Every structure is written in structure tokens, then in C-alpha cells.
2 protein chains.
Amino acid sequence: MPEWRKDPIVDRWVVIASERGKRPCDFIVSGDEKKQGKCPLCQGNEHDTPPEVIAFRENGSRRDQPGWWVRVVPNKFPAVRIEASPEVRNYGIFSTMDGLGAHEVVVETAEHDSEIEEHNVKQVEEVIWAWLNRMQDLRRDGRMKYIQIFKNYGQTAGASLEHPHSQILAVPMVPPEIRAEMDGLKNYAVVTGRCILCEMINQELREQNRVIWENNDFIHIAPYASRFPYETWIIPRSHQPDFAMISGNHVRNLAEIIRLALKKMDSSLCGPPYNMVLHTCPVNTGEDVVHYHWHVEILPRLTKMAGFELGTGFFINPTPPELAAEVLRDVEIAYDHVLTHNTGEVTRYV
Amino acid sequence: MPEWRKDPIVDRWVVIASERGKRPCDFIVSGDEKKQGKCPLCQGNEHDTPPEVIAFRENGSRRDQPGWWVRVVPNKFPAVRIEASPEVRNYGIFSTMDGLGAHEVVVETAEHDSEIEEHNVKQVEEVIWAWLNRMQDLRRDGRMKYIQIFKNYGQTAGASLEHPHSQILAVPMVPPEIRAEMDGLKNYAVVTGRCILCEMINQELREQNRVIWENNDFIHIAPYASRFPYETWIIPRSHQPDFAMISGNHVRNLAEIIRLALKKMDSSLCGPPYNMVLHTCPVNTGEDVVHYHWHVEILPRLTKMAGFELGTGFFINPTPPELAAEVLRDVEIAYDHVLTHNTGEVTRYV
């Protein structure tokens, strides 16, 4: 059973995956070795994953069989598990909890070699519906306090599988990064009566030098204090604490802007490794989340997080966000280069 | 001029190195290309660095000439600079400051191919004296609020030069990681009258399953909530907030335990990339730092920081610290394999 352990000094929990117990030699795996074997996320290999949680699939196709275009499965090597207790146990100065949580993989397409942004907007929309569906379900478990949706692309960014996928981790405590954002947004709102991110959108639209793209519902910017070169954020124009409350007609515009953001990054930076992270409000904590403003952060991993970043929490970024926005704004995207999918009728098989 | 920018939501400052302005193609540099050219940190190439700040060198040898065994120079591409104003300027919701600070490189040995831990204890001691010397000097500038000493080893851990070196960055604000530790230690002390790290040492010595090594002044442990596989901390036994106040006779024991920790890690993990980070109290803030307990964190970089870690601030560690401690405790070190240096008389040329 994995185990949560709290750092005795700061509010930082760590999952210790005790049963894996990686010995030194386990870390010496070359990239080539990893690639051997068939891909468990490909169509036709459905039985190489745990049974699917949900899938969007063709009429008449069967569970854990081909015929799907988005498929969600439990992680075969989960960091955390549902069958566990939320009780915190202390001994001496240390605190521990069972490795409670949920860890799922969203297979974003049946095609191994085409990244999600190479598909049409509809396919990205379907991935977002899968995120929403799982988020709605996982929060029904009152023990879960935060649901983290993220995507790792490229080995440098932590991806261990090539097949396009994102991940969902539900955790039983509010993460420090989200707590810090909650505090920052609330403190500002209490003093000014306004939301920092709403204000940021207005200021960025006035100044225009960090705006990359916008549509009716979202704005894509290089944030003022970007930690990483070519870091960008997608922010909903209307104040909304909870991603799960997104209205259906906003999903298409979110799909469009995410797809365009990834295509622009891919084109201008030659397919860099990146992390995409959804930031949304905590769930089931009983606290007022009205000040939160959900958003998506896209973090290309072109620089290393080294001793300075780990020691201080500060960052050094060699690319001004204004330059990043200019480069990303100007990159030409071949809009006609899309695959067409999902022409059949849709069954949302849950 | 580089620029500090504050994230508008959380207390996180970022150095934007505006004049470097890395365009996309600047990131596409292969490892091989980087290695070309002579090493600016090697003996004989002293004029490839800015003029030295201090050096420990043989009697009769001259500044910026061979004859040194530890040499401190300003970073040729500094992230931050001394010639700048500490004034914070606001426009709209954003805050900015000149890129104030200091950024120095400690060349740990004149020999390119021998890592510091391969030298004798005396050489490591000399490196620590160089850190102390610079820390004492840099804090005299009241604008500096924290002095971060760290070492990056290996490209994965952010090292851009092979020659053994560590770095010193003085910054004009207290970093969030240090602020969180200050708060955690103070809150515990206010409630219990005791220090968490002092308590931790006692509990670890009782339990013994995470202790790797100890000497009269320091203990080397795999911390209970390790973020990284084989992460270890070196903690002084006696409560001491400020590394710069270390007593002279403790320096030798610190050198011994750092050297042994690095040798054990190198042996058991085949020379992994790592960051070594000194955690000490802020300076020049006027606040009471009595609750802080300085220590050294050694962070092997065998796993990636990915979307989950960046989004939440939580970590997933596949190696229980108890296993890490066992492996590191048991590894055999060839004590006789040391180089001998510094047989001549010492001049601390400042």
C-alpha cells in the first residue's frame, strides 16, 4: 500500500510508493529499453490496461474492445488508491496516512502517433468531456479534496508512455500550490473587491504585449511572471472558481484554444517536452471557493529546475514573456492539416 | 538589465533575464556542442572568467593566475546584479524590481575531472570556508535578504559546466521555500517550546532506520517525507539558525560528512545528477530567526518533476527513505582512494 507522509516542517505531503521500493539499479533504464514492447494504450490492446472506467465509443462496440476514440482507465501502477482510510496517524513528530486517492489515465486518441492537437477540435472537446466526466464522478467521494488534471509530454517532462494521454489524480488534501493561490486571490478580493485574474485579463487586453490569442470565452497569454521560457496560460474571461462548472458551450472554445496553444508551441519550439496543468478550486472542504478563478497552465520544459529553484521556490527565466508572446503569436499554423475522426454516431459509454 | 517580477497571485518572484531573450532556436543545443571549447574554470584559463573575488592559493602565486585550489569568481552570465535598485515598482496588478542580487561561482578544485568528493577532506573544508567567506561578505549588503548556496551536478540537474563548482546567489527577498520553513519551525516552537529539527534528530537516533551516518557534530539521514529517491539531509546536532555562525571546529566535520554523503550517493547510484542545497535563515530582515535550524539537502534527480508535482507541490517518491538509508548505509567506500593536495602553506588571498 502506498503511503502519504507529511513533511514535519512545511505543509508538503509526499506519496511514498513503498511496495515498488526502487533500488538503485531500477533507475538505470535507457530510453530504448523503455520503448520495447507493445503500447498498452493502443486500440486492440485494451486488455493490457485495467478495465476502462469510461470510454467514448462507436455504437455497438463493446467495453474494453476497439471502437473508442477517448478511453479512461485506472493507472496500472497507481500512485494512490481508493481502498484506503483518510485517517492521519502521528508518531512522534511525523504524520502519515494511507495512500488514499485515485489515479486514472485519459487515453486521448486511439492513434499512437498523432498528438491530440493534430486531431480536429471535436477530438480535443471529447477529451475535455472525459476530464469533466471523471472530475464530476471523483468529487462525489467526500474524502477527495482536490482533483488534479495534467498532461506530461516527452520524457524530460515526465511522460513514461508515448501514446497521447493525460492523467487525473484525486488527492485527500488541498495541495500547497492551490492553497497559496486561494490565499492570494482571497486576500486581494477582501482588500479590493476584485479578482486578480479578472484584472489581469483586462490589463493584458489593454497592453496587448503578452496576449497570444483569444476567443469569445478564453484568453491565451504569456504570464507576466512566467517561470519557464514560453510558458503560457489559458484563462476563462468570466470569473468561475470551478472548472467542473464550465458550461457546455464553453467547452468547444476551450478545445479550440488548447489545441491552438499546443500547435503553436509545437511549431515554434519543435515539439518541446511540456506539462499542461489545470488549476481549479478544491472540493469537499466546506470552505468558500468563490474567489478562485480556474485556468490552464502550459509549461514547456526547455530549462532545468536546479538547486536555485528547488532551494528557494524562485525561478530564472531566460525568455521575457513579451518575446514568447510575440513568437507564439506570429507562428504560422497549417489549419488544414487535421485528421478527421468521429464521423459515426456517438455513444458516451459510462 | 535582468528584472525581478512578482507573480500577482502568489509570493513567487522570477528573474526575467531580458537581455538574453532566448528565442526558440537558442534552446536547441546538443550536449556535444556544449562541450566544445576549453573550460573557463580550469587552471590556466583564469582570464576566461571575470576577475576572481577570492581564491585560496599558494604563497607567491598571483591573482587570476594558476596556483589556487579554490577560486570564487562572479558568474560570467549572472542572473542578477549588484548595480541595481531594490525599489519595487508597480503598474496595474504587476510588481517589478531591477534584477538586484549577486551571482558567484565557487570553483571547487583546479582539476577538471575529479569531483570534489574524490579529494581529501581538507579540500572540501576549503570549499566550505569559501562559502562562509562569501556569505559573510555578501550579507554586509543590507539589500540582500537571503543567500542561497547550491551545487548542480550533471546536465539533468541543471549543470552547464562539467568542472566541479558550486554557486552562490544573493537575493533581495526571502524565498517562499525558506519563508514556509521559518513559519513551520516558529509555529511549532511557539506551541511546544521545541525545534522540529532538534526533535527529528532525537527521533531518528531512537528509530535508527533512516540514519545513514553521524559524527560528533552532524547527522546524515534520509528524511521521513523525502521528495526524491535517495534524498538525504545533513543536519547539525546543535540548534543553530545561521550557517554563517558555524564554529571553526565544526567545519571539518561538515566537510567529512558532506564528502562521505556524496561518495556514498555516487557509489550506490552510479554518479547520478543531483542538486545540493544549503538551507539557512534569512539575513537583514530584522526579524527573529532564532527558531531556524540550518541544514544541507542533497537531492538526486533520478525522477522527473512533472505535471503533478508542478501543479500541486506534492511529490511521488518510488523509494521509501528507509530503503534509501539502508542502501546508503551499506555501500562500501574505498577510503584510501583520495587525492592529496594543499601540502604547501596556505594563503587565503581575499
# chains A, B, ... in the order shown; residues from 1 in each chain; ligands from 1
$ select_by_dssp --residues "region 96-309 of chain A" --states "strand (DSSP E or B)" --output "ChimeraX atom specification"
/A:96-98,100,102-107,119,146-153,165-171,211-214,218-221,232-236,274-279,295-300
$ residues_around --residues "Pro24 (chain B)" --least-positions-apart "4" --cutoff "9 Å" --atoms "only C-alpha atoms" --output "PyMOL selection string"
(chain A and resi 229-230+268-270+324+327) or (chain B and resi 28)
$ closest_residue --among "B:Ile333, B:Val127, B:Ile221, B:Val191" --to "Ala255 (chain B)" --atoms "only C-alpha atoms"
B:Val127
$ closest_atom_pairs --of "chain B" --to "chain A" --cutoff "7 Å" --atoms "only C-alpha atoms" --output "tab-separated table"
residue	atom	partner	partner_atom	distance
B:Arg5	CA	A:Ala225	CA	5.4
B:Lys6	CA	A:Ala225	CA	6.0
B:Asp7	CA	A:Ala225	CA	5.1
B:Ile9	CA	A:Gly184	CA	5.0
B:Val10	CA	A:Gly184	CA	5.5
B:Arg12	CA	A:Phe314	CA	6.0
B:Trp13	CA	A:Phe314	CA	5.5
B:Val14	CA	A:Phe315	CA	4.8
B:Val15	CA	A:Ile316	CA	4.7
B:Ile16	CA	A:Asn317	CA	5.1
B:Ala17	CA	A:Pro318	CA	4.8
B:Ser18	CA	A:Pro320	CA	5.5
B:Arg20	CA	A:Pro318	CA	6.1
B:Gly21	CA	A:Thr319	CA	4.7
B:Lys22	CA	A:Thr319	CA	4.9
B:Pro24	CA	A:Leu269	CA	5.5
B:Phe27	CA	A:Leu302	CA	6.6
B:Ile93	CA	A:Met200	CA	7.0
B:Phe150	CA	A:Gly307	CA	5.6
B:Lys151	CA	A:Gly307	CA	6.3
B:Asn152	CA	A:Gly307	CA	6.0
B:Thr156	CA	A:Lys304	CA	6.9
B:Ala157	CA	A:Ala306	CA	5.4
B:Gly158	CA	A:Ala306	CA	5.0
B:Pro175	CA	A:Thr312	CA	4.9
B:Pro176	CA	A:Gly313	CA	5.8
B:Glu177	CA	A:Thr312	CA	5.1
B:Ile178	CA	A:Thr312	CA	6.6
B:Ala180	CA	A:Val10	CA	6.0
B:Glu181	CA	A:Val10	CA	5.8
B:Gly184	CA	A:Ile9	CA	5.0
B:Leu185	CA	A:Ile9	CA	6.1
B:Ile196	CA	A:Ile9	CA	6.9
B:Met200	CA	A:Ile93	CA	7.0
B:Ala225	CA	A:Asp7	CA	5.1
B:Arg227	CA	A:Val14	CA	6.2
B:Ser268	CA	A:Pro24	CA	6.6
B:Leu269	CA	A:Pro24	CA	5.4
B:Asn275	CA	A:Gly307	CA	5.1
B:Met276	CA	A:Gly307	CA	6.5
B:Val277	CA	A:Gly307	CA	5.9
B:Leu302	CA	A:Phe27	CA	6.6
B:Lys304	CA	A:Gly158	CA	5.1
B:Met305	CA	A:Gly158	CA	6.6
B:Ala306	CA	A:Gly158	CA	5.0
B:Gly307	CA	A:Asn275	CA	5.1
B:Phe308	CA	A:Phe150	CA	6.7
B:Gly311	CA	A:Val277	CA	6.0
B:Thr312	CA	A:Pro175	CA	4.9
B:Gly313	CA	A:Glu177	CA	5.5
B:Phe314	CA	A:Trp13	CA	5.5
B:Phe315	CA	A:Val14	CA	4.8
B:Ile316	CA	A:Val15	CA	4.7
B:Asn317	CA	A:Ile16	CA	5.1
B:Pro318	CA	A:Ala17	CA	4.8
B:Thr319	CA	A:Gly21	CA	4.7
B:Pro320	CA	A:Ser18	CA	5.5
$ select_by_dssp --residues "region 40-260 of chain A" --states "alpha helix (DSSP H)" --output "PyMOL selection string"
chain A and resi 121-138+176-192+196-207+248-260
$ residues_around --residues "His47 (chain A)" --least-positions-apart "4" --cutoff "9 Å" --atoms "only C-alpha atoms" --output "count of residues only"
4
$ closest_residue --among "A:Val283, A:Gln208, A:Ser61, A:Trp213" --to "Phe243 (chain A)" --atoms "only C-alpha atoms"
A:Val283
$ atom_distance --atom1 "CA of Val107 (chain B)" --atom2 "CA of Glu214 (chain B)"
27.4 Å
$ residues_around --residues "Phe56 (chain B)" --least-positions-apart "2" --cutoff "12 Å" --atoms "only C-alpha atoms" --output "NGL selection string"
:B and (52-54 or 58-72 or 106-110 or 123 or 125-131 or 133 or 342 or 344-350)
$ decode --residues "region 107-136 of chain A" --atoms "N, CA and C atoms" --output "compact mmCIF listing (two decimals), in the first residue's frame"
# COMPACT_ATOMS: atom_id res chain seq x y z
N VAL A 107 -6.81 8.25 -22.16
CA VAL A 107 -6.19 7.99 -23.46
C VAL A 107 -6.88 8.91 -24.46
N GLU A 108 -6.11 9.84 -25.03
CA GLU A 108 -6.72 10.97 -25.73
C GLU A 108 -7.10 10.68 -27.17
N THR A 109 -6.60 9.58 -27.69
CA THR A 109 -6.92 9.17 -29.06
C THR A 109 -6.50 7.71 -29.20
N ALA A 110 -7.11 7.02 -30.14
CA ALA A 110 -6.72 5.63 -30.38
C ALA A 110 -5.43 5.54 -31.19
N GLU A 111 -5.03 6.66 -31.79
CA GLU A 111 -3.84 6.65 -32.65
C GLU A 111 -2.57 6.95 -31.88
N HIS A 112 -1.64 6.04 -31.95
CA HIS A 112 -0.41 6.15 -31.18
C HIS A 112 0.43 7.36 -31.58
N ASP A 113 0.49 7.61 -32.88
CA ASP A 113 1.49 8.55 -33.39
C ASP A 113 0.99 9.96 -33.64
N SER A 114 -0.26 10.26 -33.29
CA SER A 114 -0.73 11.63 -33.56
C SER A 114 -1.07 12.29 -32.24
N GLU A 115 -0.34 13.35 -31.93
CA GLU A 115 -0.64 14.08 -30.70
C GLU A 115 -2.05 14.68 -30.78
N ILE A 116 -2.62 14.90 -29.63
CA ILE A 116 -4.01 15.33 -29.56
C ILE A 116 -4.26 16.60 -30.39
N GLU A 117 -3.31 17.53 -30.41
CA GLU A 117 -3.55 18.79 -31.13
C GLU A 117 -3.52 18.60 -32.64
N GLU A 118 -3.07 17.44 -33.11
CA GLU A 118 -3.09 17.18 -34.55
C GLU A 118 -4.47 16.71 -35.02
N HIS A 119 -5.32 16.39 -34.08
CA HIS A 119 -6.68 15.99 -34.44
C HIS A 119 -7.55 17.24 -34.62
N ASN A 120 -8.81 17.03 -34.98
CA ASN A 120 -9.69 18.19 -35.13
C ASN A 120 -10.18 18.66 -33.75
N VAL A 121 -10.82 19.81 -33.74
CA VAL A 121 -11.24 20.41 -32.47
C VAL A 121 -12.19 19.47 -31.71
N LYS A 122 -13.03 18.79 -32.47
CA LYS A 122 -14.01 17.88 -31.87
C LYS A 122 -13.33 16.85 -30.96
N GLN A 123 -12.18 16.35 -31.41
CA GLN A 123 -11.49 15.32 -30.62
C GLN A 123 -10.99 15.91 -29.29
N VAL A 124 -10.46 17.13 -29.33
CA VAL A 124 -9.99 17.78 -28.10
C VAL A 124 -11.19 18.02 -27.17
N GLU A 125 -12.30 18.42 -27.77
CA GLU A 125 -13.53 18.61 -27.00
C GLU A 125 -13.92 17.31 -26.27
N GLU A 126 -13.79 16.22 -26.96
CA GLU A 126 -14.14 14.94 -26.35
C GLU A 126 -13.22 14.63 -25.16
N VAL A 127 -11.94 14.98 -25.29
CA VAL A 127 -11.01 14.77 -24.17
C VAL A 127 -11.45 15.61 -22.97
N ILE A 128 -11.85 16.86 -23.24
CA ILE A 128 -12.29 17.73 -22.14
C ILE A 128 -13.56 17.16 -21.49
N TRP A 129 -14.46 16.62 -22.31
CA TRP A 129 -15.65 15.98 -21.73
C TRP A 129 -15.27 14.79 -20.84
N ALA A 130 -14.26 14.07 -21.25
CA ALA A 130 -13.80 12.95 -20.42
C ALA A 130 -13.26 13.47 -19.08
N TRP A 131 -12.45 14.55 -19.12
CA TRP A 131 -11.95 15.16 -17.87
C TRP A 131 -13.12 15.54 -16.97
N LEU A 132 -14.11 16.22 -17.57
CA LEU A 132 -15.24 16.72 -16.79
C LEU A 132 -16.03 15.57 -16.18
N ASN A 133 -16.24 14.56 -16.99
CA ASN A 133 -16.98 13.40 -16.54
C ASN A 133 -16.31 12.76 -15.32
N ARG A 134 -15.00 12.58 -15.41
CA ARG A 134 -14.28 11.93 -14.30
C ARG A 134 -14.22 12.84 -13.08
N MET A 135 -14.06 14.14 -13.33
CA MET A 135 -14.00 15.09 -12.24
C MET A 135 -15.31 15.09 -11.44
N GLN A 136 -16.41 15.08 -12.18
CA GLN A 136 -17.73 15.05 -11.54
C GLN A 136 -17.88 13.79 -10.70
